[in-house]
$ cat upload_39.tsv   # TSV, C-alpha atoms
chain	number	residue	atom	x	y	z
A	1	MET	CA	0.00	0.00	0.00
A	2	ASP	CA	1.40	3.40	-0.97
A	3	GLN	CA	1.95	6.13	1.62
A	4	THR	CA	-0.89	8.36	0.43
A	5	THR	CA	-3.38	5.49	0.76
A	6	GLN	CA	-2.03	4.71	4.23
A	7	ASN	CA	-2.40	8.35	5.25
A	8	PHE	CA	-5.94	8.41	3.87
A	9	LYS	CA	-6.90	5.28	5.86
A	10	LEU	CA	-5.52	6.90	9.00
A	11	TRP	CA	-7.47	10.10	8.27
A	12	LEU	CA	-10.69	8.10	7.82
A	13	GLU	CA	-10.20	6.46	11.20
A	14	GLN	CA	-9.36	9.71	12.94
A	15	THR	CA	-12.40	11.53	11.53
A	16	LYS	CA	-14.94	8.68	11.58
A	17	ASP	CA	-17.16	10.42	14.14
A	18	GLU	CA	-17.13	13.85	12.51
A	19	PRO	CA	-20.49	14.91	11.05
A	20	LEU	CA	-20.89	15.52	7.36
A	21	GLU	CA	-21.66	19.05	6.18
A	22	ALA	CA	-23.54	20.18	3.11
A	23	MET	CA	-21.12	21.56	0.54
A	24	ALA	CA	-22.31	25.16	0.34
A	25	SER	CA	-22.58	25.66	4.10
A	26	PHE	CA	-19.15	24.08	4.60
A	27	PHE	CA	-17.46	26.73	2.46
A	28	ASP	CA	-19.66	29.60	3.65
A	29	ALA	CA	-18.53	28.85	7.20
A	30	ARG	CA	-14.84	28.88	6.26
A	31	ILE	CA	-14.62	31.99	4.12
A	32	ASP	CA	-12.30	33.80	6.53
A	33	ASP	CA	-9.48	31.22	6.48
A	34	TYR	CA	-10.12	29.51	3.15
A	35	GLU	CA	-7.36	31.23	1.19
A	36	ALA	CA	-4.77	30.56	3.90
A	37	HIS	CA	-5.87	26.91	3.95
A	38	MET	CA	-5.37	26.65	0.19
A	39	SER	CA	-1.97	28.41	0.15
A	40	PRO	CA	0.03	25.15	-0.26
A	41	TRP	CA	-1.31	24.99	-3.84
A	42	ALA	CA	0.10	28.40	-4.85
A	43	ALA	CA	2.49	26.83	-7.36
A	44	HIS	CA	-0.35	24.79	-8.89
A	45	TYR	CA	-2.41	27.95	-9.45
A	46	LEU	CA	0.50	29.55	-11.29
A	47	TRP	CA	1.03	26.38	-13.31
A	48	MET	CA	-2.60	26.33	-14.45
A	49	ALA	CA	-2.42	29.98	-15.51
A	50	LYS	CA	0.72	29.32	-17.59
A	51	LEU	CA	-0.91	26.40	-19.40
A	52	LEU	CA	-3.80	28.41	-20.80
A	53	PRO	CA	-3.43	29.10	-24.53
A	54	ASP	CA	-2.12	32.56	-25.39
A	55	ALA	CA	-5.27	33.44	-27.33
A	56	THR	CA	-7.67	32.70	-24.46
A	57	LYS	CA	-10.39	35.37	-24.27
A	58	THR	CA	-13.32	33.54	-22.66
A	59	LEU	CA	-13.02	31.23	-19.65
A	60	LEU	CA	-15.41	29.09	-17.61
A	61	ASP	CA	-14.28	28.34	-14.04
A	62	LEU	CA	-16.12	25.49	-12.31
A	63	GLY	CA	-16.04	25.67	-8.52
A	64	CYS	CA	-14.31	29.05	-8.69
A	65	GLY	CA	-14.61	29.79	-4.96
A	66	SER	CA	-12.88	33.05	-4.03
A	67	GLY	CA	-10.87	32.95	-7.25
A	68	LEU	CA	-7.48	31.66	-6.14
A	69	GLU	CA	-6.83	30.12	-9.55
A	70	LEU	CA	-8.16	33.29	-11.21
A	71	ASP	CA	-5.66	35.57	-9.45
A	72	PRO	CA	-2.68	34.48	-11.60
A	73	ILE	CA	-4.94	33.97	-14.62
A	74	PHE	CA	-6.08	37.61	-14.47
A	75	ALA	CA	-2.45	38.69	-14.02
A	76	ARG	CA	-1.70	37.04	-17.37
A	77	PHE	CA	-5.02	37.91	-19.08
A	78	PRO	CA	-6.28	41.19	-17.56
A	79	SER	CA	-9.08	41.57	-20.14
A	80	LEU	CA	-10.30	37.98	-19.85
A	81	GLU	CA	-14.06	37.38	-19.82
A	82	VAL	CA	-14.78	34.87	-17.03
A	83	THR	CA	-17.90	32.96	-16.02
A	84	GLY	CA	-17.50	31.46	-12.55
A	85	VAL	CA	-19.83	28.91	-10.96
A	86	ASP	CA	-19.81	28.04	-7.27
A	87	LEU	CA	-22.25	26.84	-4.61
A	88	SER	CA	-21.07	29.37	-2.00
A	89	GLN	CA	-22.46	32.90	-2.26
A	90	ARG	CA	-19.93	34.16	0.26
A	91	MET	CA	-17.06	32.84	-1.83
A	92	LEU	CA	-18.43	34.57	-4.91
A	93	GLU	CA	-18.80	37.83	-3.00
A	94	LYS	CA	-15.15	37.65	-1.99
A	95	LEU	CA	-14.13	36.97	-5.59
A	96	ARG	CA	-16.07	40.03	-6.75
A	97	GLN	CA	-14.45	42.17	-4.05
A	98	LYS	CA	-10.97	41.04	-5.11
A	99	HIS	CA	-11.56	41.73	-8.82
A	100	PRO	CA	-14.17	44.52	-9.09
A	101	ASP	CA	-12.78	45.73	-12.42
A	102	LYS	CA	-12.81	42.38	-14.22
A	103	ALA	CA	-15.33	40.99	-16.70
A	104	LEU	CA	-16.88	38.50	-14.28
A	105	THR	CA	-20.20	36.72	-14.61
A	106	LEU	CA	-20.77	34.83	-11.36
A	107	VAL	CA	-23.35	32.09	-10.89
A	108	CYS	CA	-24.23	30.81	-7.43
A	109	GLY	CA	-25.39	27.31	-8.16
A	110	ASP	CA	-24.71	23.71	-9.05
A	111	TYR	CA	-22.45	23.37	-12.09
A	112	PHE	CA	-24.03	20.00	-12.85
A	113	LEU	CA	-27.31	21.83	-13.46
A	114	THR	CA	-26.11	25.20	-14.76
A	115	ALA	CA	-26.53	25.71	-18.50
A	116	PHE	CA	-23.37	26.71	-20.36
A	117	ALA	CA	-23.34	28.54	-23.69
A	118	LYS	CA	-22.58	26.07	-26.47
A	119	GLY	CA	-19.23	26.44	-28.19
A	120	TYR	CA	-18.54	29.75	-26.45
A	121	PHE	CA	-15.49	29.27	-24.24
A	122	ASP	CA	-11.84	29.17	-25.25
A	123	ALA	CA	-11.01	27.36	-22.02
A	124	VAL	CA	-12.61	25.71	-19.00
A	125	VAL	CA	-10.79	25.18	-15.71
A	126	SER	CA	-11.52	23.29	-12.52
A	127	PHE	CA	-9.19	23.42	-9.53
A	128	GLU	CA	-9.66	21.12	-6.50
A	129	SER	CA	-13.42	20.99	-6.99
A	130	LEU	CA	-14.29	17.62	-8.52
A	131	HIS	CA	-12.93	15.18	-5.92
A	132	HIS	CA	-16.36	14.81	-4.29
A	133	PHE	CA	-18.23	13.10	-7.12
A	134	THR	CA	-18.71	9.75	-8.84
A	135	ALA	CA	-17.36	8.79	-12.23
A	136	ALA	CA	-20.91	8.90	-13.65
A	137	GLN	CA	-21.48	12.43	-12.32
A	138	LYS	CA	-18.16	13.57	-13.72
A	139	THR	CA	-18.79	12.03	-17.14
A	140	ALA	CA	-22.05	13.99	-17.41
A	141	LEU	CA	-20.22	17.18	-16.43
A	142	PHE	CA	-17.36	16.54	-18.85
A	143	GLU	CA	-19.91	16.17	-21.63
A	144	LYS	CA	-21.25	19.64	-20.76
A	145	ILE	CA	-17.71	21.04	-20.68
A	146	HIS	CA	-17.00	19.55	-24.10
A	147	GLY	CA	-20.15	21.18	-25.47
A	148	ALA	CA	-19.28	24.56	-23.94
A	149	LEU	CA	-15.84	24.70	-25.56
A	150	ARG	CA	-15.22	26.05	-29.03
A	151	PRO	CA	-13.40	23.71	-31.46
A	152	GLY	CA	-9.80	23.52	-30.28
A	153	GLY	CA	-10.77	24.76	-26.82
A	154	VAL	CA	-8.94	23.47	-23.76
A	155	TYR	CA	-10.10	22.00	-20.46
A	156	LEU	CA	-7.59	22.12	-17.59
A	157	GLU	CA	-8.17	20.18	-14.38
A	158	CYS	CA	-5.93	20.14	-11.33
A	159	ASP	CA	-7.38	17.98	-8.61
A	160	TYR	CA	-6.80	15.47	-5.86
A	161	ILE	CA	-6.75	11.81	-7.01
A	162	ALA	CA	-6.80	8.46	-5.29
A	163	THR	CA	-3.35	6.92	-5.59
A	164	SER	CA	-4.74	3.36	-5.55
A	165	PRO	CA	-8.01	1.54	-6.31
A	166	GLU	CA	-8.19	0.68	-2.59
A	167	MET	CA	-8.15	4.37	-1.67
A	168	GLU	CA	-10.95	5.10	-4.14
A	169	GLU	CA	-13.08	2.24	-2.80
A	170	LEU	CA	-12.48	3.21	0.83
A	171	ALA	CA	-13.49	6.80	0.16
A	172	PHE	CA	-16.81	5.98	-1.49
A	173	ALA	CA	-17.69	3.32	1.10
A	174	GLU	CA	-17.00	5.69	3.98
A	175	CYS	CA	-18.91	8.52	2.36
A	176	ALA	CA	-21.93	6.24	1.92
A	177	ARG	CA	-21.69	5.17	5.58
A	178	ARG	CA	-21.57	8.76	6.81
A	179	ARG	CA	-24.42	9.82	4.51
A	180	GLN	CA	-26.63	7.11	5.97
A	181	ARG	CA	-25.57	7.92	9.54
A	182	ASP	CA	-26.20	11.65	9.14
A	183	GLY	CA	-29.36	11.45	7.04
A	184	PHE	CA	-28.04	12.92	3.78
A	185	ASP	CA	-29.65	11.43	0.70
A	186	GLY	CA	-27.62	10.89	-2.44
A	187	GLN	CA	-28.87	14.09	-4.10
A	188	VAL	CA	-27.33	16.43	-1.51
A	189	PHE	CA	-23.73	17.50	-2.13
A	190	VAL	CA	-21.63	16.91	0.98
A	191	HIS	CA	-18.07	17.92	1.70
A	192	PHE	CA	-16.26	14.60	1.77
A	193	ASP	CA	-13.32	13.51	-0.36
A	194	THR	CA	-14.12	10.73	-2.85
A	195	PRO	CA	-11.31	11.04	-5.40
A	196	LEU	CA	-11.06	8.73	-8.39
A	197	THR	CA	-7.82	7.12	-9.46
A	198	LEU	CA	-5.95	8.89	-12.24
A	199	GLU	CA	-6.95	6.14	-14.67
A	200	HIS	CA	-10.64	6.45	-13.82
A	201	GLU	CA	-10.52	10.26	-13.93
A	202	MET	CA	-8.94	10.29	-17.37
A	203	ASP	CA	-11.30	7.58	-18.63
A	204	ALA	CA	-14.26	9.76	-17.64
A	205	ILE	CA	-12.84	12.71	-19.61
A	206	ARG	CA	-12.02	10.56	-22.65
A	207	ALA	CA	-15.53	9.10	-22.70
A	208	VAL	CA	-17.13	12.34	-23.92
A	209	GLY	CA	-15.17	12.71	-27.16
A	210	PHE	CA	-12.23	15.05	-26.55
A	211	ALA	CA	-9.70	14.85	-29.37
A	212	GLN	CA	-6.81	14.74	-26.89
A	213	VAL	CA	-6.63	13.94	-23.17
A	214	GLU	CA	-3.27	13.99	-21.44
A	215	LEU	CA	-1.55	13.99	-18.09
A	216	VAL	CA	0.55	17.15	-18.09
A	217	GLY	CA	2.29	15.95	-14.93
A	218	PHE	CA	2.81	16.48	-11.22
A	219	LEU	CA	4.80	19.15	-9.45
A	220	PRO	CA	7.88	17.91	-7.53
A	221	GLY	CA	7.06	16.30	-4.20
A	222	ASP	CA	3.38	15.80	-5.03
A	223	ASP	CA	2.06	12.42	-6.19
A	224	HIS	CA	-1.67	13.05	-5.88
A	225	THR	CA	-2.53	16.41	-7.53
A	226	PRO	CA	-2.01	15.96	-11.28
A	227	MET	CA	-2.62	18.53	-13.97
A	228	LEU	CA	-4.80	17.18	-16.77
A	229	ARG	CA	-5.42	18.77	-20.16
A	230	ALA	CA	-8.11	17.92	-22.70
A	231	VAL	CA	-8.48	19.52	-26.13
A	232	LYS	CA	-11.74	19.56	-28.09
$ encode --input "upload_39.tsv" --output "structure tokens"
Amino acid sequence: MDQTTQNFKLWLEQTKDEPLEAMASFFDARIDDYEAHMSPWAAHYLWMAKLLPDATKTLLDLGCGSGLELDPIFARFPSLEVTGVDLSQRMLEKLRQKHPDKALTLVCGDYFLTAFAKGYFDAVVSFESLHHFTAAQKTALFEKIHGALRPGGVYLECDYIATSPEMEELAFAECARRRQRDGFDGQVFVHFDTPLTLEHEMDAIRAVGFAQVELVGFLPGDDHTPMLRAVK
């Protein structure tokens, strides 16, 4: 068993009695320290910004939060037109406060249900937002992303993965146990990590018809937060 899986098993045991929280309320309650909590991924945010094509003019950000990935993106593309979708109204308010002069369209809602303009976006990004969902849910979302991109458009995803099939299975089993214990039905989004393996994540992206799906790589010292790129 790899070290990340061992650490995950230990975390599951240590937190087994903690109550689940609905996704939106989880982030609303942590707005004040969220950016400090996410600071270890500063290099990943910069990496994502550098990977966007030079001609990017329209961007869709799924799970945009307070805009940590958008900070370096706006530094590179100050005139970028961005649509951001997030469940937390407080996060979106903070994003608007940080970038009052930017071309931002912010949607407080579920990106699985939000309608995206067909063939409109040069790029779509998702940073540390999708590791709470099943492969079937993700495949449906990736199909929407594919439809929202113009021909040749790029989808970038940087997210937490399971480093073994055992870790993936443990995560989903424990999430199901806690849902039942705490009375959350399967339609309610809860904040609990259920990452897919890299293979399963990439399979879900490939399934919707992207012309190219690739692992860009990992940053040094990190074996569980890959950067993925798909081209329509």
$ residues_around --input "upload_39.tsv" --residues "Glu143 (chain A)" --least-positions-apart "3" --cutoff "9 Å" --atoms "all atoms listed in the file" --output "compact mmCIF listing (two decimals) with C-alpha atoms, in the frame of the given file"
# COMPACT_ATOMS: atom_id res chain seq x y z
CA LYS A 138 -18.16 13.57 -13.72
CA THR A 139 -18.79 12.03 -17.14
CA ALA A 140 -22.05 13.99 -17.41
CA HIS A 146 -17.00 19.55 -24.10
CA GLY A 147 -20.15 21.18 -25.47
CA ALA A 148 -19.28 24.56 -23.94
CA ILE A 205 -12.84 12.71 -19.61
CA ALA A 207 -15.53 9.10 -22.70
CA VAL A 208 -17.13 12.34 -23.92
CA GLY A 209 -15.17 12.71 -27.16
$ residues_near_point --input "upload_39.tsv" --point "(-7.4, 25.7, 0.1)" --cutoff "12 Å" --atoms "all atoms listed in the file" --output "list in words"
Phe27, Arg30, Ile31, Asp32, Asp33, Tyr34, Glu35, Ala36, His37, Met38, Ser39, Pro40, Trp41, Ala42, His44, Tyr45, Cys64, Gly65, Ser66, Gly67, Leu68, Glu69, Phe127, Glu128, Ser129, Asp159 and Tyr160 of chain A
$ residues_around --input "upload_39.tsv" --residues "Leu106 (chain A)" --least-positions-apart "6" --cutoff "12 Å" --atoms "all atoms listed in the file" --output "tab-separated table (two decimals) with C-alpha atoms, keeping the file's coordinate frame"
chain	number	residue	atom	x	y	z
A	59	LEU	CA	-13.02	31.23	-19.65
A	60	LEU	CA	-15.41	29.09	-17.61
A	61	ASP	CA	-14.28	28.34	-14.04
A	62	LEU	CA	-16.12	25.49	-12.31
A	63	GLY	CA	-16.04	25.67	-8.52
A	64	CYS	CA	-14.31	29.05	-8.69
A	65	GLY	CA	-14.61	29.79	-4.96
A	66	SER	CA	-12.88	33.05	-4.03
A	67	GLY	CA	-10.87	32.95	-7.25
A	81	GLU	CA	-14.06	37.38	-19.82
A	82	VAL	CA	-14.78	34.87	-17.03
A	83	THR	CA	-17.90	32.96	-16.02
A	84	GLY	CA	-17.50	31.46	-12.55
A	85	VAL	CA	-19.83	28.91	-10.96
A	86	ASP	CA	-19.81	28.04	-7.27
A	87	LEU	CA	-22.25	26.84	-4.61
A	88	SER	CA	-21.07	29.37	-2.00
A	89	GLN	CA	-22.46	32.90	-2.26
A	90	ARG	CA	-19.93	34.16	0.26
A	91	MET	CA	-17.06	32.84	-1.83
A	92	LEU	CA	-18.43	34.57	-4.91
A	93	GLU	CA	-18.80	37.83	-3.00
A	94	LYS	CA	-15.15	37.65	-1.99
A	95	LEU	CA	-14.13	36.97	-5.59
A	96	ARG	CA	-16.07	40.03	-6.75
A	99	HIS	CA	-11.56	41.73	-8.82
A	100	PRO	CA	-14.17	44.52	-9.09
A	114	THR	CA	-26.11	25.20	-14.76
$ residues_around --input "upload_39.tsv" --residues "His200 (chain A)" --least-positions-apart "5" --cutoff "10 Å" --atoms "all atoms listed in the file" --output "PDB file with C-alpha atoms, in the coordinates of the input"
ATOM      1  CA  ALA A 135     -17.360   8.790 -12.230  1.00  0.00           C
ATOM      2  CA  ILE A 161      -6.750  11.810  -7.010  1.00  0.00           C
ATOM      3  CA  ALA A 162      -6.800   8.460  -5.290  1.00  0.00           C
ATOM      4  CA  PRO A 165      -8.010   1.540  -6.310  1.00  0.00           C
ATOM      5  CA  GLU A 168     -10.950   5.100  -4.140  1.00  0.00           C
ATOM      6  CA  PRO A 195     -11.310  11.040  -5.400  1.00  0.00           C
ATOM      7  CA  ILE A 205     -12.840  12.710 -19.610  1.00  0.00           C
ATOM      8  CA  ARG A 206     -12.020  10.560 -22.650  1.00  0.00           C
TER       9      ARG A 206
END
$ closest_atom_pairs --input "upload_39.tsv" --of "region 74-142 of chain A" --to "region 220-230 of chain A" --cutoff "12 Å" --atoms "all atoms listed in the file" --output "JSON lines"
{"residue": "A:Ala123", "atom": "CA", "partner": "A:Ala230", "partner_atom": "CA", "distance": 9.9}
{"residue": "A:Val124", "atom": "CA", "partner": "A:Ala230", "partner_atom": "CA", "distance": 9.7}
{"residue": "A:Val125", "atom": "CA", "partner": "A:Arg229", "partner_atom": "CA", "distance": 9.5}
{"residue": "A:Ser126", "atom": "CA", "partner": "A:Leu228", "partner_atom": "CA", "distance": 10.0}
{"residue": "A:Phe127", "atom": "CA", "partner": "A:Met227", "partner_atom": "CA", "distance": 9.3}
{"residue": "A:Glu128", "atom": "CA", "partner": "A:Thr225", "partner_atom": "CA", "distance": 8.6}
{"residue": "A:Ser129", "atom": "CA", "partner": "A:Thr225", "partner_atom": "CA", "distance": 11.8}
{"residue": "A:Leu130", "atom": "CA", "partner": "A:Thr225", "partner_atom": "CA", "distance": 11.9}
{"residue": "A:His131", "atom": "CA", "partner": "A:Thr225", "partner_atom": "CA", "distance": 10.6}
{"residue": "A:Phe142", "atom": "CA", "partner": "A:Ala230", "partner_atom": "CA", "distance": 10.1}
$ closest_residue --input "upload_39.tsv" --among "A:Asp2, A:Asp193, A:Asp122, A:Glu166" --to "Arg178 (chain A)" --atoms "only C-alpha atoms"
A:Asp193
$ closest_residue --input "upload_39.tsv" --among "A:Thr134, A:Gln212, A:Thr4, A:Thr58" --to "Phe192 (chain A)" --atoms "only C-alpha atoms"
A:Thr134
$ atom_distance --input "upload_39.tsv" --atom1 "CA of Cys175 (chain A)" --atom2 "CA of Leu20 (chain A)"
8.8 Å
$ atom_distance --input "upload_39.tsv" --atom1 "CA of Ala24 (chain A)" --atom2 "CA of Val107 (chain A)"
13.2 Å
$ closest_residue --input "upload_39.tsv" --among "A:Ala22, A:Glu13, A:Gly119, A:Arg150" --to "Asp185 (chain A)" --atoms "only C-alpha atoms"
A:Ala22
$ residues_around --input "upload_39.tsv" --residues "Thr194 (chain A)" --least-positions-apart "2" --cutoff "6 Å" --atoms "only C-alpha atoms" --output "PyMOL selection string"
chain A and resi 131-132+171-172
$ residues_around --input "upload_39.tsv" --residues "Ala55 (chain A)" --least-positions-apart "2" --cutoff "12 Å" --atoms "all atoms listed in the file" --output "list in words"
Leu51, Leu52, Pro53, Lys57, Thr58, Leu59, Arg76, Phe77, Ser79, Leu80, Phe121, Asp122, Ala123, Gly152, Gly153 and Val154 of chain A
$ decode --input "upload_39.tsv" --residues "region 113-207 of chain A" --atoms "C-alpha atoms" --output "short mmCIF file (atom, residue, chain, number, x, y, z; two decimals), in the first residue's frame"
data_model
loop_
_atom_site.label_atom_id
_atom_site.label_comp_id
_atom_site.auth_asym_id
_atom_site.auth_seq_id
_atom_site.Cartn_x
_atom_site.Cartn_y
_atom_site.Cartn_z
CA LEU A 113 -27.31 21.83 -13.46
CA THR A 114 -26.11 25.20 -14.76
CA ALA A 115 -26.53 25.71 -18.50
CA PHE A 116 -23.37 26.71 -20.36
CA ALA A 117 -23.34 28.54 -23.69
CA LYS A 118 -22.58 26.07 -26.47
CA GLY A 119 -19.23 26.44 -28.19
CA TYR A 120 -18.54 29.75 -26.45
CA PHE A 121 -15.49 29.27 -24.24
CA ASP A 122 -11.84 29.17 -25.25
CA ALA A 123 -11.01 27.36 -22.02
CA VAL A 124 -12.61 25.71 -19.00
CA VAL A 125 -10.79 25.18 -15.71
CA SER A 126 -11.52 23.29 -12.52
CA PHE A 127 -9.19 23.42 -9.53
CA GLU A 128 -9.66 21.12 -6.50
CA SER A 129 -13.42 20.99 -6.99
CA LEU A 130 -14.29 17.62 -8.52
CA HIS A 131 -12.93 15.18 -5.92
CA HIS A 132 -16.36 14.81 -4.29
CA PHE A 133 -18.23 13.10 -7.12
CA THR A 134 -18.71 9.75 -8.84
CA ALA A 135 -17.36 8.79 -12.23
CA ALA A 136 -20.91 8.90 -13.65
CA GLN A 137 -21.48 12.43 -12.32
CA LYS A 138 -18.16 13.57 -13.72
CA THR A 139 -18.79 12.03 -17.14
CA ALA A 140 -22.05 13.99 -17.41
CA LEU A 141 -20.22 17.18 -16.43
CA PHE A 142 -17.36 16.54 -18.85
CA GLU A 143 -19.91 16.17 -21.63
CA LYS A 144 -21.25 19.64 -20.76
CA ILE A 145 -17.71 21.04 -20.68
CA HIS A 146 -17.00 19.55 -24.10
CA GLY A 147 -20.15 21.18 -25.47
CA ALA A 148 -19.28 24.56 -23.94
CA LEU A 149 -15.84 24.70 -25.56
CA ARG A 150 -15.22 26.05 -29.03
CA PRO A 151 -13.40 23.71 -31.46
CA GLY A 152 -9.80 23.52 -30.28
CA GLY A 153 -10.77 24.76 -26.82
CA VAL A 154 -8.94 23.47 -23.76
CA TYR A 155 -10.10 22.00 -20.46
CA LEU A 156 -7.59 22.12 -17.59
CA GLU A 157 -8.17 20.18 -14.38
CA CYS A 158 -5.93 20.14 -11.33
CA ASP A 159 -7.38 17.98 -8.61
CA TYR A 160 -6.80 15.47 -5.86
CA ILE A 161 -6.75 11.81 -7.01
CA ALA A 162 -6.80 8.46 -5.29
CA THR A 163 -3.35 6.92 -5.59
CA SER A 164 -4.74 3.36 -5.55
CA PRO A 165 -8.01 1.54 -6.31
CA GLU A 166 -8.19 0.68 -2.59
CA MET A 167 -8.15 4.37 -1.67
CA GLU A 168 -10.95 5.10 -4.14
CA GLU A 169 -13.08 2.24 -2.80
CA LEU A 170 -12.48 3.21 0.83
CA ALA A 171 -13.49 6.80 0.16
CA PHE A 172 -16.81 5.98 -1.49
CA ALA A 173 -17.69 3.32 1.10
CA GLU A 174 -17.00 5.69 3.98
CA CYS A 175 -18.91 8.52 2.36
CA ALA A 176 -21.93 6.24 1.92
CA ARG A 177 -21.69 5.17 5.58
CA ARG A 178 -21.57 8.76 6.81
CA ARG A 179 -24.42 9.82 4.51
CA GLN A 180 -26.63 7.11 5.97
CA ARG A 181 -25.57 7.92 9.54
CA ASP A 182 -26.20 11.65 9.14
CA GLY A 183 -29.36 11.45 7.04
CA PHE A 184 -28.04 12.92 3.78
CA ASP A 185 -29.65 11.43 0.70
CA GLY A 186 -27.62 10.89 -2.44
CA GLN A 187 -28.87 14.09 -4.10
CA VAL A 188 -27.33 16.43 -1.51
CA PHE A 189 -23.73 17.50 -2.13
CA VAL A 190 -21.63 16.91 0.98
CA HIS A 191 -18.07 17.92 1.70
CA PHE A 192 -16.26 14.60 1.77
CA ASP A 193 -13.32 13.51 -0.36
CA THR A 194 -14.12 10.73 -2.85
CA PRO A 195 -11.31 11.04 -5.40
CA LEU A 196 -11.06 8.73 -8.39
CA THR A 197 -7.82 7.12 -9.46
CA LEU A 198 -5.95 8.89 -12.24
CA GLU A 199 -6.95 6.14 -14.67
CA HIS A 200 -10.64 6.45 -13.82
CA GLU A 201 -10.52 10.26 -13.93
CA MET A 202 -8.94 10.29 -17.37
CA ASP A 203 -11.30 7.58 -18.63
CA ALA A 204 -14.26 9.76 -17.64
CA ILE A 205 -12.84 12.71 -19.61
CA ARG A 206 -12.02 10.56 -22.65
CA ALA A 207 -15.53 9.10 -22.70
#
